[in-house]
Amino acid sequence: MVAHSQKPRKKNRPVAISRWRINAVLMASLLCIVAVMLRLGNLQLVQSAKLAGMANSEIKRQLTINPRRGTIRDHAGNVLALDVDRESLFAIPPEIDAKNAPRLALMLSSLLGRTAPELLTAMQDPKSAWMPLKRWLDPEIAQQVAKVIENEPGFRMMYEPRRVYPQESFAAQTIGAVNLEGVGISGIEGYYNTDLIGTTGMITAEVDAQSQPIWIAPQQSKPASNGADLQLTLDPLIQHLIEVELKAAIDKHQADGGTIIVLEPKTGAIRGMASYPTYDPNRYYDYNAEMYNLNPAIAKGYEPGSTFKLVTVAAGLQSHSFTPDTTVVDEGVIDRYDFSLKNWDSGGHGPITPAQMLYYSSNVAALQFNELTGKDKFYAMVNAFGYGKATGIDLAGEGEGIVKDPNAESWSPLDLDTNAFGQAILVTPLQQVRMIAAIGNDGQLMRPYVVEKVCHADNCTTTQPQPQGQPISSEVANTIREMIVKSANGYVNPVKPDTLWLVPGYAVGAKTGTSQISDGHGGYGDGTIGSVAGLAPINSPRYAILVKIDYPKDDPFGVNTALPVYRKIVEQLMRYERIAPDPNFVGPDQVPGVAIAAR
Amino acid sequence: MAVNIRQFFPIQQARARRTQLARYLQLDGGRYLIAAAVIFALLSLISLGQTGRLATQGYELTNLQTQQRELLRTHGALQLQLSEAQSLLKIEQRGKALNMRPMTPDQVQYVTIAPPAPATASAHTP
């Protein structure tokens with residue numbers, strides 16, 4: 001039997017853990033718990049707001065909803081200005097592969113219209129995190145660019161709204177332009193900028209990796225309100241007609257420029273407004289600032305010359321200072337206040353009435369009629385016609401003209417005489433056409449306007465014609481209308497003005513003017529402005545028209561430069577309005593449209 | 001011979017079963033916990049389902065918005081093409097290219113339509 005000398009196993013012997021060990025473990029656990037609690041308290045209570053803000057800034061974004069800028073249409077509904085989304089190309093220089101950059105710059109240069117070194121500099125600009133390479137690419141170009149930058153890091157293409165004028169320079173000075181930041185800077189775009197621009201909307205929401213809002217999270221949103229759509233009073237056919245005729249006249253007379261306005265006398269609605277030279281608002285930045293900021297038809301003052309004699313007659317007849325039968329003696333030249341004042345040809349016409357004064361365009365007679373009226377009544381009429389102040393047309397940048405205050409020290413009695421034939425006074429073309437429109441509207445002056453309807457979504461507001469006073473009575477207006485018909489026909493046949501008609505088949509009124517241009521030193525330079533103001537047809541006039549040709553080189557007189565344009569415009573306007581010619585207004589050898597009576 | 005020795009006391013048995021059933025229906029702490037967990041799980045499942053459906057709808061909404069943007073862009077581009085085609089200058093150029101000429105005044109004929117004749121006196125007129 002083998003004796004086992006093994007030590008007896010310690011069975012069921014309780015493990016003795018010293019008390020201090022247990023306490024140490026408990027203490028360590030407690031410390032850990034306290035640390036966790038402290039950390040938790042710190043995170044949840046002390047840093048709660050800060051950390052919540054940091055978290056929100058990562059996932060919660062405030063996204064801007066850009067409104068669409070309103071569309072501008074003409075009277076017939078054709079679009080003249082609209083917003084179109086175009087793609088823009090941006091570079092993120094830190095992400096661009098430096099090895100590929102020169103090759104890409106070279107490939108993109110021909111597509112973007114920028115030189116390769118220029119592009120390379122932009123693409124490698126260390127200071128920029130976001131660099132626009134070309135904004136508003138044409139869709140075809142954008143497709144080609146997208147192929148070039150495909151799989152290339154550091155390039156982004158994004159849609160941006162672009163203001164586009166599809167008819168280019170058509171009515172450009174009236175419509176105006178929008179700058180690269182989307183703000184209207186001139187014309188209707190400037191005047192109605194607040195209406196057109198709309199209201200920016202906002203969404204505050206959690207977003208995904210593509211910055212798209214996650215719809216399951218609660219969000220706050222303020223919808224964008226698109227800009228108002230505008231409908232203009234401009235008639236596309238009239239606008240086109242006056243633009244074509246103006247350009248042709250300027251080319252023919254090698255003039256520096258010119259303006260034509262066609263206005264509806266009864267309402268004040270502008271049916272056509274054109275000036276030349278003009279510009280393309282799609283690339284307004286290629287022109288000098290005056291071109292797109294200043295609309296000559298409403299902003300550029302000029303001495304109106306003989307067309308202002310209508311105001312002289314209106315002032316005298318309205319104040320009963322003289323009658324249509326009153327005569328003054330026109331000797332061709334007259335001396336006043338140490339100055340010799342004369343007619344355009346220095347020729348005299350003997351005793352003449354106001355109608356003959358207009359017919360012969362006599363300066364000498366005009367100043368004598370004005371002397372009969374006197375300064376108070378004359379300037380009261382000038383004021384009543386709205387000279388020297390803005391007409392209130394809804395276009396940005398309107399001028400006021402300059403009328404000397406008869407009570408000011410700078411005014412002299414000579415001013416009353418020279419004002420009688422439209423010198424020493426500055427008016428805008430719009431003021432002048434509004435004056436003759438008032439004569440055509442039985443003496444009532446209307447506020448000119450170009451926007452006939454403003455539509456916020458389906459809620460449209462129509463502009464109501466707004467009278468601005470009654471400078472002359474309907475009788476005086478009618479008398480002057482009769483006078484200017486003779487004056488108009490006199491341009492065709494000075495010997496027998498009643499035998500030929502300026503526009504065969506129609507009785508129209510017209511008064512020409514030839515303005516000298518100030519040299520800036522108290523005298524006049526060599527250049528002239530030829531103009532004509534008229535009404536067509538004279539009975540219940542549909543249109544008041546002003547034609548103005550600046551600095552014609554071949555002929556200084558308005559009767560030879562502006563009047564033919566006026567005649568062509570009236571001829572076509574009457575056809576456009578489908579007004580049949582009256583055989584009573586057709587002279588020998590004149591050809592109107594042939595009127596036949598239907599059964 | 002077989003003999004049914006079971007006592008036939010149906011009322012007493014029914015009473016005993018009722019007493020046992022009440023015992024089964026009694027919920028102790030553990031059962032409460034299980035019931036709460038089941039309810040919680042069900043609610044979570046419903047919530048998850050709703051959230052999932054909402055998320056799907058959110059993506060659909062995003063897709064529709066993208067489509068809307070694309071359609072608006074197409075609309076803008078078409079409107080641009082239309083207004084370019086409506087330019088009178090271009091219409092005139094196209095007319096000239098087709099050998100068309102502007103109308104001259106002698107080519108115009110106006111047709112004056114006489115107003116309708118007044119109705120003849122009616123028979124009822126005294």
# chains A, B, ... in the order shown; residues from 1 in each chain; ligands from 1
>>> interface_residues(of="chain B", to="chain A", cutoff="7 Å", atoms="only C-alpha atoms", output="compact mmCIF listing (two decimals) with C-alpha atoms, in the first residue's frame")
# COMPACT_ATOMS: atom_id res chain seq x y z
CA LEU B 54 -41.93 59.67 -43.66
CA ALA B 55 -38.33 59.40 -44.77
CA GLY B 58 -39.23 63.03 -47.80
CA ARG B 73 -35.58 75.49 -66.12
CA GLY B 76 -37.57 79.22 -68.88
CA ALA B 77 -35.42 77.98 -71.75
CA LEU B 80 -36.56 82.34 -74.00
CA SER B 83 -39.46 85.36 -77.16
CA GLU B 84 -36.34 85.30 -79.32
CA SER B 87 -38.42 89.51 -82.06
CA LEU B 88 -39.78 91.74 -84.82
CA PRO B 105 -49.44 102.78 -99.30
CA ASP B 106 -50.97 102.22 -102.77
CA VAL B 108 -53.61 99.13 -99.12
CA GLN B 109 -57.32 98.98 -99.71
CA TYR B 110 -59.66 99.97 -96.94
CA VAL B 111 -63.04 98.39 -96.80
CA THR B 112 -65.61 100.51 -95.02
CA ILE B 113 -68.33 98.36 -93.66
CA ALA B 114 -71.60 100.27 -93.51
>>> select_by_dssp(residues="region 7-151 of chain A", states="strand (DSSP E or B)", output="MDAnalysis selection string")
chainID A and resid 60:65 72:73 79:91 131:137
>>> atom_distance(atom1="CA of Asp394 (chain A)", atom2="CA of Pro537 (chain A)")
26.9 Å
>>> atom_distance(atom1="CA of Ala457 (chain A)", atom2="CA of Gly70 (chain A)")
9.8 Å
>>> select_by_dssp(residues="chain B", states="helix (DSSP H, G or I)", output="ChimeraX atom specification")
/B:10-25,29-85,88-97,105-107
>>> atom_distance(atom1="CA of Gly29 (chain B)", atom2="CA of Leu48 (chain B)")
28.2 Å
>>> residues_around(residues="Asp555 (chain A)", least_positions_apart="4", cutoff="8 Å", atoms="only C-alpha atoms", output="compact mmCIF listing (two decimals) with C-alpha atoms, in the first residue's frame")
# COMPACT_ATOMS: atom_id res chain seq x y z
CA HIS A 253 -27.99 112.51 -91.70
CA ASN A 560 -35.42 118.42 -93.28
CA THR A 561 -34.19 115.95 -90.69
>>> residues_around(residues="region 443-456 of chain A", least_positions_apart="2", cutoff="8 Å", atoms="only C-alpha atoms", output="MDAnalysis selection string")
chainID A and resid 226:234 263 265:271 385 391:395 434:435 437:441 458:474 476:477
